[in-house]
Amino acid sequence: MFSTIFSTWLDAIRLKTLPLAVACILCGSSIAAKTVRFSLTIALLTLITALLLQILSNLANDYGDAVKGTDNDARIGPKRAIQLGLITPYTMKKAMILNLVLIIISGLILLITALHKVSDILSFMVLGTLAIIAALYYTIGSKPYGYHGLGDLSVLVFFGLIGVAGTYYLQTGTLNIFIFLPATACGLLAVAVLNINNLRDIDNDRACNKRTLVVRMGSHRSRTYHQVLLASAYACFTLFSILEHIPVSKWLFILTIPLTIKHSKVVLSSSEGASLRPMMANMVKVALLTNVLFAVGILL
């Protein structure tokens, strides 16, 4: 009984997507460590808070899409907990509230540990509040922004710009303008994961009036857009490495290019959503591995 409940909640938090939170914290932390201003405690607290925020987003998405009827039998993606009747909407709400409490506790401990200026603490409290709002209202509410094509922008901001640059600032207390290059790269790879998800479910999303960017652009343009996301991510990592005078021998992130090219070919040649089902997990692996190798190269 316990194992069944545990498995149900693991599916609800979408364990396979959590590496995206790990990637942005790892990216920002590795660049901070390069400056010899790094705290493992701050890194772990940042990671815990980021993971809790992503879990909140995943739970909220399960709730929002189920209530709106978007999670239905016509959907190609994995069946969700509320859709299957394994978790009731009321129980999911309670889980989100518990998760929100944990985020607040973890976030406050992080800010008190990492920051010393009142202005910095207040600024990060505002960012944290915005992150919570973004996590909740992607699919929840009368006008969820995920239903109006703004999901990609949100992912870029929170899994890239704020996730990486915010991590760097929490570690160092400063902000290097060049940090926004790997931050953008990390965010673009996360957007690519969302793009695969939306490409897979384009027909059902269109029928349910979920106007994702993929629905707005159409299947063909969205596949081209996917290639642009990936190429731009590598370009940002490369430009940062050049500007920071990192030797080419340490550009380990380029080792994932063959894997990315193979992934891209499948996405371009696929003619229906079902063929993209395995590409979701594949894109998560590409994003995580590219960030891990970038971080290792930085730390060498």
# chains A, B, ... in the order shown; residues from 1 in each chain; ligands from 1
$ residues_around --residues "Arg223 (chain A)" --least-positions-apart "5" --cutoff "9 Å" --atoms "only C-alpha atoms" --output "PyMOL selection string"
chain A and resi 195-196+199+214+218+228+264+267-268
$ closest_atom_pairs --of "region 137-179 of chain A" --to "region 278-294 of chain A" --cutoff "12 Å" --atoms "only C-alpha atoms" --output "tab-separated table"
residue	atom	partner	partner_atom	distance
A:Phe159	CA	A:Ala287	CA	11.4
A:Gly160	CA	A:Asn291	CA	11.4
A:Val164	CA	A:Asn291	CA	11.0
$ residues_around --residues "Val155 (chain A)" --least-positions-apart "5" --cutoff "7 Å" --atoms "only C-alpha atoms" --output "PyMOL selection string"
chain A and resi 187+190-191
$ residues_around --residues "Ala21 (chain A)" --least-positions-apart "5" --cutoff "7 Å" --atoms "only C-alpha atoms" --output "PyMOL selection string"
chain A and resi 50-51+54+159
$ residues_around --residues "region 109-125 of chain A" --least-positions-apart "6" --cutoff "8 Å" --atoms "only C-alpha atoms" --output "count of residues only"
6
$ closest_residue --among "A:Ala233, A:Phe158, A:Ile48, A:Arg75" --to "Thr256 (chain A)" --atoms "only C-alpha atoms"
A:Ala233
$ select_by_dssp --residues "region 7-128 of chain A" --states "helix (DSSP H, G or I)" --output "PyMOL selection string"
chain A and resi 7-12+15-17+19-34+40-68+89-114+118-128
$ residues_around --residues "Leu188 (chain A)" --least-positions-apart "2" --cutoff "10 Å" --atoms "only C-alpha atoms" --output "list in words"
Asp152, Leu153, Val155, Leu156, Val157, Phe159, Gly160, Leu161, Pro182, Ala183, Thr184, Ala185, Cys186, Ala190, Val191, Ala192, Val193, Leu194, His226, Val228, Leu229, Leu230, Ala231, Ser232, Ala233, Tyr234, Cys236 and Ala287 of chain A
$ write_last_selection --atoms "N, CA, C and O atoms" --output "mmCIF file, in the first residue's frame"
data_model
loop_
_atom_site.group_PDB
_atom_site.id
_atom_site.type_symbol
_atom_site.label_atom_id
_atom_site.label_comp_id
_atom_site.auth_asym_id
_atom_site.auth_seq_id
_atom_site.Cartn_x
_atom_site.Cartn_y
_atom_site.Cartn_z
ATOM 1 N N ASP A 152 7.177 29.386 -22.518
ATOM 2 C CA ASP A 152 8.585 29.376 -22.928
ATOM 3 C C ASP A 152 9.362 30.518 -22.282
ATOM 4 O O ASP A 152 10.491 30.335 -21.808
ATOM 5 N N LEU A 153 8.764 31.702 -22.254
ATOM 6 C CA LEU A 153 9.417 32.863 -21.652
ATOM 7 C C LEU A 153 9.636 32.638 -20.156
ATOM 8 O O LEU A 153 10.701 32.954 -19.615
ATOM 9 N N VAL A 155 9.949 29.777 -18.544
ATOM 10 C CA VAL A 155 11.004 28.778 -18.346
ATOM 11 C C VAL A 155 12.373 29.390 -18.571
ATOM 12 O O VAL A 155 13.318 29.137 -17.805
ATOM 13 N N LEU A 156 12.518 30.202 -19.608
ATOM 14 C CA LEU A 156 13.791 30.866 -19.879
ATOM 15 C C LEU A 156 14.225 31.735 -18.701
ATOM 16 O O LEU A 156 15.392 31.734 -18.295
ATOM 17 N N VAL A 157 13.286 32.463 -18.147
ATOM 18 C CA VAL A 157 13.585 33.373 -17.043
ATOM 19 C C VAL A 157 13.949 32.619 -15.769
ATOM 20 O O VAL A 157 14.986 32.892 -15.149
ATOM 21 N N PHE A 159 14.366 29.116 -15.185
ATOM 22 C CA PHE A 159 15.317 28.009 -15.258
ATOM 23 C C PHE A 159 16.640 28.452 -15.874
ATOM 24 O O PHE A 159 17.552 27.651 -15.999
ATOM 25 N N GLY A 160 16.704 29.716 -16.267
ATOM 26 C CA GLY A 160 17.911 30.228 -16.877
ATOM 27 C C GLY A 160 18.411 31.487 -16.201
ATOM 28 O O GLY A 160 19.277 31.453 -15.325
ATOM 29 N N LEU A 161 17.834 32.625 -16.581
ATOM 30 C CA LEU A 161 18.342 33.920 -16.127
ATOM 31 C C LEU A 161 18.375 34.043 -14.610
ATOM 32 O O LEU A 161 19.409 34.354 -14.019
ATOM 33 N N PRO A 182 25.808 31.928 -19.997
ATOM 34 C CA PRO A 182 25.463 30.549 -19.627
ATOM 35 C C PRO A 182 24.064 30.456 -19.017
ATOM 36 O O PRO A 182 23.403 29.415 -19.146
ATOM 37 N N ALA A 183 23.614 31.527 -18.377
ATOM 38 C CA ALA A 183 22.250 31.534 -17.831
ATOM 39 C C ALA A 183 21.235 31.402 -18.959
ATOM 40 O O ALA A 183 20.262 30.644 -18.856
ATOM 41 N N THR A 184 21.466 32.125 -20.038
ATOM 42 C CA THR A 184 20.580 32.028 -21.205
ATOM 43 C C THR A 184 20.661 30.645 -21.830
ATOM 44 O O THR A 184 19.641 30.056 -22.205
ATOM 45 N N ALA A 185 21.883 30.117 -21.925
ATOM 46 C CA ALA A 185 22.072 28.782 -22.501
ATOM 47 C C ALA A 185 21.305 27.733 -21.706
ATOM 48 O O ALA A 185 20.601 26.891 -22.275
ATOM 49 N N CYS A 186 21.443 27.775 -20.398
ATOM 50 C CA CYS A 186 20.750 26.833 -19.528
ATOM 51 C C CYS A 186 19.235 26.970 -19.687
ATOM 52 O O CYS A 186 18.515 25.969 -19.778
ATOM 53 N N ALA A 190 16.253 24.285 -21.229
ATOM 54 C CA ALA A 190 15.017 23.970 -20.498
ATOM 55 C C ALA A 190 13.787 24.273 -21.352
ATOM 56 O O ALA A 190 12.807 23.524 -21.334
ATOM 57 N N VAL A 191 13.847 25.365 -22.111
ATOM 58 C CA VAL A 191 12.747 25.702 -23.022
ATOM 59 C C VAL A 191 12.588 24.606 -24.075
ATOM 60 O O VAL A 191 11.465 24.262 -24.470
ATOM 61 N N ALA A 192 13.709 24.033 -24.511
ATOM 62 C CA ALA A 192 13.662 22.955 -25.501
ATOM 63 C C ALA A 192 12.912 21.741 -24.952
ATOM 64 O O ALA A 192 12.208 21.052 -25.698
ATOM 65 N N VAL A 193 13.052 21.486 -23.656
ATOM 66 C CA VAL A 193 12.307 20.391 -23.026
ATOM 67 C C VAL A 193 10.806 20.676 -23.094
ATOM 68 O O VAL A 193 10.007 19.811 -23.461
ATOM 69 N N LEU A 194 10.431 21.903 -22.749
ATOM 70 C CA LEU A 194 9.024 22.292 -22.823
ATOM 71 C C LEU A 194 8.510 22.225 -24.253
ATOM 72 O O LEU A 194 7.370 21.799 -24.501
ATOM 73 N N HIS A 226 12.901 24.569 -32.433
ATOM 74 C CA HIS A 226 13.639 23.665 -31.551
ATOM 75 C C HIS A 226 15.132 23.662 -31.906
ATOM 76 O O HIS A 226 15.997 23.695 -31.010
ATOM 77 N N VAL A 228 16.755 26.076 -33.333
ATOM 78 C CA VAL A 228 17.284 27.396 -32.966
ATOM 79 C C VAL A 228 17.597 27.449 -31.471
ATOM 80 O O VAL A 228 18.633 27.990 -31.054
ATOM 81 N N LEU A 229 16.721 26.879 -30.665
ATOM 82 C CA LEU A 229 16.947 26.842 -29.217
ATOM 83 C C LEU A 229 18.257 26.127 -28.888
ATOM 84 O O LEU A 229 19.074 26.621 -28.108
ATOM 85 N N LEU A 230 18.451 24.965 -29.490
ATOM 86 C CA LEU A 230 19.636 24.164 -29.199
ATOM 87 C C LEU A 230 20.913 24.848 -29.702
ATOM 88 O O LEU A 230 21.908 24.927 -28.982
ATOM 89 N N ALA A 231 20.879 25.344 -30.931
ATOM 90 C CA ALA A 231 22.058 26.014 -31.494
ATOM 91 C C ALA A 231 22.413 27.261 -30.690
ATOM 92 O O ALA A 231 23.601 27.536 -30.437
ATOM 93 N N SER A 232 21.413 28.009 -30.271
ATOM 94 C CA SER A 232 21.646 29.236 -29.495
ATOM 95 C C SER A 232 22.252 28.921 -28.129
ATOM 96 O O SER A 232 23.087 29.677 -27.621
ATOM 97 N N ALA A 233 21.833 27.812 -27.528
ATOM 98 C CA ALA A 233 22.372 27.418 -26.229
ATOM 99 C C ALA A 233 23.873 27.152 -26.340
ATOM 100 O O ALA A 233 24.671 27.646 -25.529
ATOM 101 N N TYR A 234 24.273 26.377 -27.356
ATOM 102 C CA TYR A 234 25.697 26.103 -27.550
ATOM 103 C C TYR A 234 26.470 27.381 -27.875
ATOM 104 O O TYR A 234 27.614 27.558 -27.442
ATOM 105 N N CYS A 236 25.801 30.393 -26.804
ATOM 106 C CA CYS A 236 25.967 31.168 -25.563
ATOM 107 C C CYS A 236 27.067 30.582 -24.681
ATOM 108 O O CYS A 236 27.883 31.315 -24.105
ATOM 109 N N ALA A 287 20.046 18.288 -21.830
ATOM 110 C CA ALA A 287 20.162 19.524 -21.055
ATOM 111 C C ALA A 287 21.038 19.324 -19.827
ATOM 112 O O ALA A 287 21.936 20.138 -19.546
#
$ atom_distance --atom1 "CA of Leu98 (chain A)" --atom2 "CA of Leu20 (chain A)"
22.0 Å
$ atom_distance --atom1 "CA of Thr41 (chain A)" --atom2 "CA of Gly166 (chain A)"
15.4 Å
